[in-house]
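K.L.:
After the structure tokens below, expect a handful of questions from me.
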Amino acid sequence: MGEKEKPILIVEDDRHIVDILDYNLLREGYRTLRAYDGEEGLRLALEASPALVLLDVMLPRRNGFDVCRLLREKDKVTPVLLLTALEAEDDKVRGLEAGADDYITKPFAMKELLARVRANIRRAVESAAPPPPLPPAEFVYRDLRIHRNRLNVTRGGEPCDLSQKEYDLLLYLADARERVVTREELLEKVWGYTYLSDDMRVVDVAVRRLREKLEKNPAEPEYIVTKRGAGYMFGLD
């Protein structure tokens with residue numbers, strides 16, 4: 001089931017806030033359910049299997065901490081985003097200990113709340129998906145062999161002396177050989193940080209050094225090909 005096929009449950013006793021949340025979520029393409037007290041919120045959370053619960057802390061009939069705790073006793077996976085006007089750190093910790101996945105403090109910016117909704121639903125969907133199949137222990141392209149289990153690379157039967165980062169870079173490009181990989185993606189996935197314009201040189205220098213170790217003619221590469229204006233791609237065919 002897609003991320004937006006299940007409804008988002010809003011549990012909040014302030015009807016003005018509910019109307020605002022409902023309006024903005026509908027604009028984003030989500031369906032919604034409403035509950036104005038903790039008892040009704042808990043019932044809908046258990047019966048409707050929502051994609052996410054937006055849960056106020058201060059509620060009539062049952063507070064948000066109790067709703068979250070009781071929900072978690074029967075439902076371990078539905079993401080819960082607490083809406084709280086409480087500034088004390090202890091209250092935030094209490095909410096997370098009750099089983100909440102995230103919290104946002106009132107008054108909040110709608111743009112931030114929507115971003116947190118998307119992120120929490122995406123994480124829940126990804127965690128529920130079956131793990132991808134393990135890649136083969138050995139990747140072969142022409143005379144190049146990448147031995148995953150031994151963490152080494154040979155070309156024409158001769159070992160290539162790669163650093164760990166060069167190995168990681170080559171393996172990532174090889175696994176993505178059906179598509180062009182941007183520099184931004186390589187910075188995030190291989191180096192572990194987000195894109196900054198000054199860091200583009202890191203990728204280009206690493207690719208140049210890797211070509212010097214792998215390619216018969218680095219000026220005319222066979223293994224790591226530049227796609228001008230887009231990034232890099234593994235292989236010519």
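Residue names in the structure tokens use chain letters A, B, ... in the order shown, residue numbers from 1 in each chain, and ligand numbers from 1 in the order shown.
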Within 6 Å of A:Leu55, counting only C-alpha atoms, which residues qualify if same-chain residues fewer than 4 places away don't, as a PyMOL selection string?

P.N.:
chain A and resi 11+82-83

K.L.:
Put those residues in a file: N, CA and C atoms, as a short mmCIF file (atom, residue, chain, number, x, y, z; two decimals), in the first residue's frame.

P.N.:
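New file part.cif:
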data_model
loop_
_atom_site.label_atom_id
_atom_site.label_comp_id
_atom_site.auth_asym_id
_atom_site.auth_seq_id
_atom_site.Cartn_x
_atom_site.Cartn_y
_atom_site.Cartn_z
N VAL A 11 -5.26 13.63 16.38
CA VAL A 11 -5.88 13.54 17.71
C VAL A 11 -5.54 14.84 18.44
N LEU A 82 4.16 13.44 18.22
CA LEU A 82 3.52 14.18 19.32
C LEU A 82 3.46 15.66 19.00
N LEU A 83 2.32 16.27 19.28
CA LEU A 83 2.15 17.72 19.22
C LEU A 83 2.07 18.21 20.66
#

K.L.:
Please, what distance in Å, to one decimal, runs between atom CA of A:Gly235 and atom CA of A:Gly157?

P.N.:
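Result for atom CA of A:Gly235 versus atom CA of A:Gly157: 18.7 Å, one decimal.
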
K.L.:
I'd like the contact shell of A:Tyr167 - 9 Å cut-off, only C-alpha atoms, skipping same-chain residues fewer than 5 positions apart - returned as an mmCIF file with C-alpha atoms, in the first residue's frame.

P.N.:
data_model
loop_
_atom_site.group_PDB
_atom_site.id
_atom_site.type_symbol
_atom_site.label_atom_id
_atom_site.label_comp_id
_atom_site.auth_asym_id
_atom_site.auth_seq_id
_atom_site.Cartn_x
_atom_site.Cartn_y
_atom_site.Cartn_z
ATOM 1 C CA ILE A 146 35.410 -7.061 -7.429
ATOM 2 C CA LEU A 151 37.315 -6.654 -0.116
ATOM 3 C CA ASN A 152 39.724 -6.588 -3.040
ATOM 4 C CA VAL A 153 39.760 -5.881 -6.761
ATOM 5 C CA LEU A 162 42.875 0.519 -3.725
ATOM 6 C CA TYR A 172 28.871 1.776 -5.305
ATOM 7 C CA LEU A 210 40.647 5.416 -9.130
#

K.L.:
Rank nothing, just name the residue among A:Cys68, A:Ala51, A:Val57, A:Ala137 nearest to A:Arg123, using only C-alpha atoms.

P.N.:
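So, comparing all the options, the nearest one is A:Ala51.
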
K.L.:
Do you have, as CSV, the list of residues of stretch 118-172 of chain A lying at most 12 Å from stretch 177-188 of chain A, each with its nearest atom pair and that distance in Å to one decimal, counting only C-alpha atoms and ordered by chain then number?

P.N.:
residue,atom,partner,partner_atom,distance
A:Phe139,CA,A:Arg177,CA,11.2
A:Val140,CA,A:Arg177,CA,11.8
A:Tyr141,CA,A:Arg177,CA,10.4
A:Lys165,CA,A:Leu186,CA,11.2
A:Glu166,CA,A:Leu186,CA,11.7
A:Asp168,CA,A:Leu186,CA,10.0
A:Leu169,CA,A:Leu186,CA,7.6
A:Leu170,CA,A:Arg177,CA,10.3
A:Leu171,CA,A:Arg177,CA,9.7
A:Tyr172,CA,A:Leu186,CA,8.2

K.L.:
Keeping N, CA and C atoms for every residue in the selection just given, could you write it to a file as a PDB file, in the first residue's frame?

P.N.:
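Done, and the output landed in again35.pdb:
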ATOM      1  N   PHE A 139      31.670  -9.467  -8.384  1.00  0.00           N
ATOM      2  CA  PHE A 139      31.160  -8.669  -9.496  1.00  0.00           C
ATOM      3  C   PHE A 139      32.215  -8.704 -10.599  1.00  0.00           C
ATOM      4  N   VAL A 140      31.803  -9.074 -11.817  1.00  0.00           N
ATOM      5  CA  VAL A 140      32.743  -9.218 -12.924  1.00  0.00           C
ATOM      6  C   VAL A 140      32.289  -8.343 -14.086  1.00  0.00           C
ATOM      7  N   TYR A 141      33.217  -7.560 -14.611  1.00  0.00           N
ATOM      8  CA  TYR A 141      32.962  -6.756 -15.800  1.00  0.00           C
ATOM      9  C   TYR A 141      34.237  -6.754 -16.637  1.00  0.00           C
ATOM     10  N   LYS A 165      38.325   3.857   0.685  1.00  0.00           N
ATOM     11  CA  LYS A 165      37.368   4.771   0.068  1.00  0.00           C
ATOM     12  C   LYS A 165      37.271   4.534  -1.435  1.00  0.00           C
ATOM     13  N   GLU A 166      38.393   4.244  -2.069  1.00  0.00           N
ATOM     14  CA  GLU A 166      38.370   3.942  -3.503  1.00  0.00           C
ATOM     15  C   GLU A 166      37.581   2.659  -3.777  1.00  0.00           C
ATOM     16  N   ASP A 168      35.144   1.477  -1.845  1.00  0.00           N
ATOM     17  CA  ASP A 168      33.734   1.810  -1.613  1.00  0.00           C
ATOM     18  C   ASP A 168      33.137   2.550  -2.807  1.00  0.00           C
ATOM     19  N   LEU A 169      33.897   3.473  -3.374  1.00  0.00           N
ATOM     20  CA  LEU A 169      33.440   4.247  -4.526  1.00  0.00           C
ATOM     21  C   LEU A 169      33.213   3.341  -5.730  1.00  0.00           C
ATOM     22  N   LEU A 170      34.180   2.479  -6.017  1.00  0.00           N
ATOM     23  CA  LEU A 170      34.053   1.565  -7.155  1.00  0.00           C
ATOM     24  C   LEU A 170      32.860   0.629  -6.975  1.00  0.00           C
ATOM     25  N   LEU A 171      32.690   0.081  -5.781  1.00  0.00           N
ATOM     26  CA  LEU A 171      31.602  -0.855  -5.536  1.00  0.00           C
ATOM     27  C   LEU A 171      30.247  -0.170  -5.673  1.00  0.00           C
ATOM     28  N   TYR A 172      30.150   1.066  -5.193  1.00  0.00           N
ATOM     29  CA  TYR A 172      28.871   1.776  -5.305  1.00  0.00           C
ATOM     30  C   TYR A 172      28.528   2.028  -6.768  1.00  0.00           C
TER      31      TYR A 172
END
